[in-house]
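Inspection log for the structure reproduced underneath, given as structure tokens.
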Amino acid sequence: MNGANGAMIDTKKIDKEDLFVWLCHIGSQFNSAFLITDPDFPNEPIVFANEKFTEITGYTEQEVLGETNHFLNGKDTCLNTLVQIAESIKNDAIAKVEILHYKKDGTPFWNDLVIQALHNEEQKNIYNIAIFSDITREKQQEAIVLLQQEIYKGIEKGYALSISLQKICDMTETFFPAGAKCSILQIANDETMRIAAAKSLPTEFNEIVHGLSIGTNMGSCGNAAYTKRNVIVDDIQHAECWKDFREITEKHHLKACWSFPVINHENCVIATFGIYFSEKRKAKELELEFIRKVTPLVLLALKNAENQEKILNLAYIDPFSKLTNYNYFLSEFEEMMSDKPSGFLLLIQPSGYTNIVDSYGKKQLASLLSQLSGRIRKLAHKMEIIISRSSEASLIIAGECEEEDIPLCMSRFLQAAKDPIILDGMELFISLRIGVVSLSKYSGSSGDIVRLADIALTRTKLQAGESVVFYEDRFGTEIQEKMAIQNALIYAIKNKEFYVHFQPKVNVQTGLIESFEALARWDSSSLGSVRPDVFIHEAESLGKIQELEIQIIEQVLSWLVRRKAEKLQLFKISVNISTNHFYVPNFVKNLVRMVSDHGIDPKYICLELTESIGLFDLATARKILTDLNKHGFVSSVDDFGKGFSSLSYIHQLPVSEIKIDRSFISNLEEPGAKVIVETIIQLAKSMKMSSVAEGIETEEQLKVLKQLQCPIGQGFYYYKPMSLDEIDAILRAQDY
């Protein structure tokens, strides 16, 4: 350490009293709380506290001198953390923890605490220094993110709404003094208040509130619901809105109540979020800021609860077989894998399923899989399994069992085809193919394990009749191919081998081209033509997707610049942006600079995002998209309806377009698919967004989409993806 004259100070040789003076001088200049305790005295009392300590805790130095540093502990302080601190000090190690402490007024705060022991030259502990900062704001944000994830999980799992709402109350209470009690009241259509979550409040009080009409004299929550404003009452006994309830509030020691209306997109109050205190309490800005962040979670839970059945069906139920779908399977399988089980994952498929489709149609194939699933469940009734439809003709199953029992399970599953399947009133005998992966032998991500099962299933087609193939390492030659692709991809990015094709987006009613989607293509100098799904995945895994997408954007802008110079009509171009690129710092700034450098109006660039963009960091995604909108860009959500996540956040993000996943368009002849497409089109209209039907391939599909008033279509029925020269030729021919 440096002294005042710049020389090094040896804390082991300096006199203890001189060291104390020096430490006090240093500590008084710290911008963090700074405490000194003296281990020479019993209970190691505090002998110095700086002004920042007073600012954070509310205690003066005089109030804490002689106290132990345990006086900041409270009812929810973690005992294990205290033991960790003691062990670190005992072992002469720096103690660094995050711990819940309490201020003088009882308010809990999260403390980022570091404790360092100082020793003299005889290695005697002469002082302990504690330095800490209030990180409550960061912990609040962390808690809100975790709670948001819990709400999504609750929606996904079909949990009762009350569970999600009570979790919001429970979490909020932890950031306020002991005795704080939260409530969430739903506002019914008849403008009465209904208890939705309030387990901390007395039953007698809740029974009185339940069923009351909203109004200015109906307590803080009734007033907030009626006026659509926050109602902060720091003294219930002297508040006009509480005059008719003073007896019950006094009986249960409710002294203050803050209430916040929960307002939906139609500007209607659908609930209130209230917090009660056992002492009179004025609201602090940090507390109000926290509640303002919590209240939208109530709206999220309530809004999604309204459409829970519809959302869950669209997200997790295959509309044709009524089985759970691949998204559901992955969610459940990842939870299973967290326990590192012994067991299997398999893909099972009827042989010659294409003949079944040709003879009976896709609807009957879905019925076959549904019947097959029911039989397998009966055969596996003694074991825990997850079974879902993974593709048009396959079931995916995961189960837990001992390694040596896996072959027996496979033999049992083959018995599911012993009796005929009834399709359209006809008996059909089928044989089954099964590709299996042992969970004890192979690990990795869920996608990796499914991929191995798929490789094994592919190898069953080399055998006639029913077949079971267990994945083996020798099947993994694709790993070498993967490495070859990655090496070639790095070279390709460096040498700009990637080029762009455009696929037109067409007005469904008029057939006129309205815009384009830019699609990356790659003809490798060493590998030849590489599929987009392959190289995009590898670019993301290598962290090279940003560079690749920038090259595509540059080509899009150059095309627009050329048309602008030739005074030709400009079109909006959709550019695919990966999640990894979207969240890169300065993404918006870099994009604005690129477009500005080319002299192109940002309105001609539409950013097409993956459907899970909001689940990574919803708040950041909203901010980025809002910034993009301010600069004139528009955005689109790709593959809408394919997964659950886009439905769960779409109403919270400022996007202007949703693209209906091609799987629904390809099955438009099925009533279920048609209903889903119609729902998405109407959803887009109600949210003032445009909808685009992807993958249109037939006249019949176009006819249905016209009936459903889908505005924009895209697919091979109109145009395939084409080179820029081909696009230019088409536009010239059509006089654009």
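Lettering and numbering for the structure tokens are positional, with chains as A, B, ... in the shown order, residues counted from 1 in each chain, and ligands counted from 1 in the shown order.
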
For range 316-331 of chain A, find every residue with an atom within 9 Å (counting only C-alpha atoms), except residues of its own chain fewer than 3 positions away, and show them as a tab-separated table (two decimals) with C-alpha atoms, in the first residue's frame.
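part_30.tsv, written as the output of this step:
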chain	number	residue	atom	x	y	z
A	156	GLU	CA	-46.04	-23.69	-20.04
A	311	ILE	CA	-51.63	-20.95	-26.22
A	312	LEU	CA	-50.77	-24.35	-24.79
A	313	ASN	CA	-52.54	-26.12	-27.63
A	334	GLU	CA	-34.09	-31.34	-20.52
A	335	GLU	CA	-35.68	-31.50	-17.07
A	336	MET	CA	-35.22	-35.27	-17.03
A	362	LYS	CA	-51.85	-37.14	-43.49
A	363	LYS	CA	-54.78	-37.02	-41.11
A	364	GLN	CA	-54.88	-40.81	-40.91
A	365	LEU	CA	-51.11	-40.93	-40.41
A	366	ALA	CA	-51.63	-38.66	-37.41
A	367	SER	CA	-54.32	-41.07	-36.15
A	368	LEU	CA	-51.87	-43.96	-36.56
A	369	LEU	CA	-49.27	-42.19	-34.41
A	370	SER	CA	-51.90	-41.37	-31.80
A	373	SER	CA	-48.61	-43.72	-28.65
A	386	ILE	CA	-42.05	-38.89	-22.21
A	387	ILE	CA	-43.70	-39.46	-25.56
A	388	SER	CA	-44.43	-36.86	-28.24
A	389	ARG	CA	-44.82	-36.47	-31.98
A	390	SER	CA	-41.48	-35.31	-33.34
A	391	SER	CA	-42.23	-35.13	-37.07
A	396	ILE	CA	-39.95	-39.46	-29.89
A	397	ILE	CA	-39.74	-41.22	-26.54
A	398	ALA	CA	-37.46	-40.91	-23.51
A	446	SER	CA	-30.88	-32.42	-26.02
A	447	GLY	CA	-30.49	-31.60	-29.68
A	642	LYS	CA	-44.07	-23.08	-34.27
A	643	GLY	CA	-43.07	-22.67	-30.63
A	644	PHE	CA	-44.49	-21.32	-27.40
A	670	GLU	CA	-56.58	-29.96	-42.21
A	671	PRO	CA	-59.25	-28.12	-40.17
A	672	GLY	CA	-56.95	-27.71	-37.19
A	673	ALA	CA	-54.21	-26.06	-39.22
A	676	ILE	CA	-54.52	-21.92	-36.27

> Residues at most 8 Å from range 472-487 of chain A, counting only C-alpha atoms, excluding those fewer than 3 positions away in the same chain, as a VMD selection string?
Replying inline: chain A and resid 455 to 456 490 to 491 527 535 538 to 539 542

For the residues in that selection, give me C-alpha atoms as a CSV table (one decimal), in the first residue's frame.
chain,number,residue,atom,x,y,z
A,455,ILE,CA,-28.8,-41.2,-37.2
A,456,ALA,CA,-29.7,-44.5,-35.7
A,490,ILE,CA,-14.0,-19.6,-41.5
A,491,TYR,CA,-12.2,-19.4,-44.8
A,527,LEU,CA,-17.0,-28.4,-50.3
A,535,PHE,CA,-23.7,-23.3,-42.5
A,538,GLU,CA,-22.1,-23.8,-37.8
A,539,ALA,CA,-21.6,-20.0,-38.0
A,542,LEU,CA,-18.4,-20.7,-34.1

>> Could you tell me how far CA of Leu702 in chain A sits from CA of Val508 in chain A, in Å to one decimal place?
In response: 7.5 Å

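Of the listed residues (A:Lys104, A:His265, A:Lys340, A:His25), A:Lys340 comes nearest to Ser443 in chain A; the distances count only C-alpha atoms.
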
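Excluding Gly274 in chain A itself and any same-chain residue fewer than 6 positions from it, the protein and nucleic acid residues within 7 Å of it, counting only C-alpha atoms, are Cys182, Ser183, Ile184, Cys221, Cys257, Trp258, Ser259 and Phe260 of chain A.
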
What would the file look like if the residues just selected were written as an mmCIF file, in the first residue's frame with N, CA, C and O atoms?
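Dumped to result36.cif:
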data_model
loop_
_atom_site.group_PDB
_atom_site.id
_atom_site.type_symbol
_atom_site.label_atom_id
_atom_site.label_comp_id
_atom_site.auth_asym_id
_atom_site.auth_seq_id
_atom_site.Cartn_x
_atom_site.Cartn_y
_atom_site.Cartn_z
ATOM 1 N N CYS A 182 -48.340 -8.485 0.666
ATOM 2 C CA CYS A 182 -48.796 -8.122 -0.673
ATOM 3 C C CYS A 182 -50.119 -8.790 -1.014
ATOM 4 O O CYS A 182 -50.424 -9.886 -0.522
ATOM 5 N N SER A 183 -50.869 -8.126 -1.879
ATOM 6 C CA SER A 183 -52.113 -8.714 -2.388
ATOM 7 C C SER A 183 -52.268 -8.372 -3.863
ATOM 8 O O SER A 183 -51.815 -7.323 -4.321
ATOM 9 N N ILE A 184 -52.891 -9.291 -4.580
ATOM 10 C CA ILE A 184 -53.291 -9.037 -5.964
ATOM 11 C C ILE A 184 -54.786 -9.280 -6.046
ATOM 12 O O ILE A 184 -55.272 -10.369 -5.707
ATOM 13 N N CYS A 221 -56.686 -0.059 -2.887
ATOM 14 C CA CYS A 221 -56.842 -0.849 -4.116
ATOM 15 C C CYS A 221 -58.125 -0.489 -4.857
ATOM 16 O O CYS A 221 -58.123 -0.350 -6.085
ATOM 17 N N CYS A 257 -50.678 1.450 3.155
ATOM 18 C CA CYS A 257 -50.986 0.604 1.995
ATOM 19 C C CYS A 257 -50.727 1.377 0.711
ATOM 20 O O CYS A 257 -51.241 2.477 0.520
ATOM 21 N N TRP A 258 -49.913 0.782 -0.164
ATOM 22 C CA TRP A 258 -49.674 1.352 -1.483
ATOM 23 C C TRP A 258 -50.334 0.432 -2.501
ATOM 24 O O TRP A 258 -50.196 -0.791 -2.436
ATOM 25 N N SER A 259 -51.043 1.006 -3.449
ATOM 26 C CA SER A 259 -51.714 0.184 -4.454
ATOM 27 C C SER A 259 -51.447 0.724 -5.854
ATOM 28 O O SER A 259 -51.385 1.930 -6.067
ATOM 29 N N PHE A 260 -51.329 -0.219 -6.798
ATOM 30 C CA PHE A 260 -50.971 0.113 -8.170
ATOM 31 C C PHE A 260 -51.933 -0.599 -9.123
ATOM 32 O O PHE A 260 -52.085 -1.821 -9.042
#

>> Just want the 10 Å neighbourhood of range 562-564 of chain A, counted on only C-alpha atoms, with same-chain residues fewer than 5 positions away dropped. Output as a PyMOL selection string.
In response: chain A and resi 557+569-571+599-600+728

>> I want to know what sits within 9 Å of range 188-192 of chain A, based on only C-alpha atoms, with residues of the same chain fewer than 2 positions away left out; could you give that as a count of residues only?
In response: 12

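What separates CA of Glu98 in chain A from CA of His119 in chain A is a distance of 24.7 Å.
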
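Shortest separation to Gly74 in chain A among A:Gln555, A:Thr174, A:Gln701, A:Asn125 occurs at residue A:Thr174, atoms counted being only C-alpha atoms.
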
> Skipping near chain neighbours, those fewer than 4 positions away, what residues fall within 8 Å of Val655 in chain A using only C-alpha atoms, listed as a PyMOL selection string?
Replying inline: chain A and resi 625+634-637+650+689

Output N, CA, C and O atoms of each residue in that selection to a file, as a PDB file, in the first residue's frame.
ATOM      1  N   LEU A 625     -35.456  -3.231 -29.915  1.00  0.00           N
ATOM      2  CA  LEU A 625     -36.463  -3.068 -30.965  1.00  0.00           C
ATOM      3  C   LEU A 625     -37.060  -1.670 -30.954  1.00  0.00           C
ATOM      4  O   LEU A 625     -37.365  -1.102 -32.008  1.00  0.00           O
ATOM      5  N   VAL A 634     -38.042  -1.608 -39.288  1.00  0.00           N
ATOM      6  CA  VAL A 634     -39.167  -2.433 -38.860  1.00  0.00           C
ATOM      7  C   VAL A 634     -38.640  -3.838 -38.598  1.00  0.00           C
ATOM      8  O   VAL A 634     -37.526  -4.187 -38.995  1.00  0.00           O
ATOM      9  N   SER A 635     -39.453  -4.650 -37.930  1.00  0.00           N
ATOM     10  CA  SER A 635     -38.980  -5.982 -37.564  1.00  0.00           C
ATOM     11  C   SER A 635     -40.091  -7.006 -37.715  1.00  0.00           C
ATOM     12  O   SER A 635     -41.274  -6.674 -37.721  1.00  0.00           O
ATOM     13  N   SER A 636     -39.671  -8.263 -37.834  1.00  0.00           N
ATOM     14  CA  SER A 636     -40.593  -9.368 -38.101  1.00  0.00           C
ATOM     15  C   SER A 636     -40.189 -10.559 -37.246  1.00  0.00           C
ATOM     16  O   SER A 636     -39.006 -10.774 -36.969  1.00  0.00           O
ATOM     17  N   VAL A 637     -41.190 -11.349 -36.810  1.00  0.00           N
ATOM     18  CA  VAL A 637     -40.926 -12.581 -36.060  1.00  0.00           C
ATOM     19  C   VAL A 637     -41.147 -13.759 -36.996  1.00  0.00           C
ATOM     20  O   VAL A 637     -42.242 -13.948 -37.535  1.00  0.00           O
ATOM     21  N   ILE A 650     -44.975 -11.820 -27.664  1.00  0.00           N
ATOM     22  CA  ILE A 650     -45.175 -11.001 -28.858  1.00  0.00           C
ATOM     23  C   ILE A 650     -45.898  -9.698 -28.546  1.00  0.00           C
ATOM     24  O   ILE A 650     -45.625  -8.658 -29.135  1.00  0.00           O
ATOM     25  N   MET A 689     -50.488  -5.586 -36.768  1.00  0.00           N
ATOM     26  CA  MET A 689     -49.301  -6.128 -37.419  1.00  0.00           C
ATOM     27  C   MET A 689     -49.704  -6.739 -38.754  1.00  0.00           C
ATOM     28  O   MET A 689     -50.864  -7.069 -38.986  1.00  0.00           O
TER      29      MET A 689
END

> Running DSSP on the backbone, which parts of range 537-669 of chain A land in alpha helix (DSSP H), as a VMD selection string?
Replying inline: chain A and resid 537 to 542 545 to 565 579 to 582 587 to 598 613 to 616 618 to 630 645 to 649 662 to 665

>> Residues within 12 Å of Phe290 in chain A, please, as a PyMOL selection string. Count only C-alpha atoms; anything in the same chain fewer than 6 positions from it doesn't count.
In response: chain A and resi 136-144+171-173+175-176+260+283-284+296-297
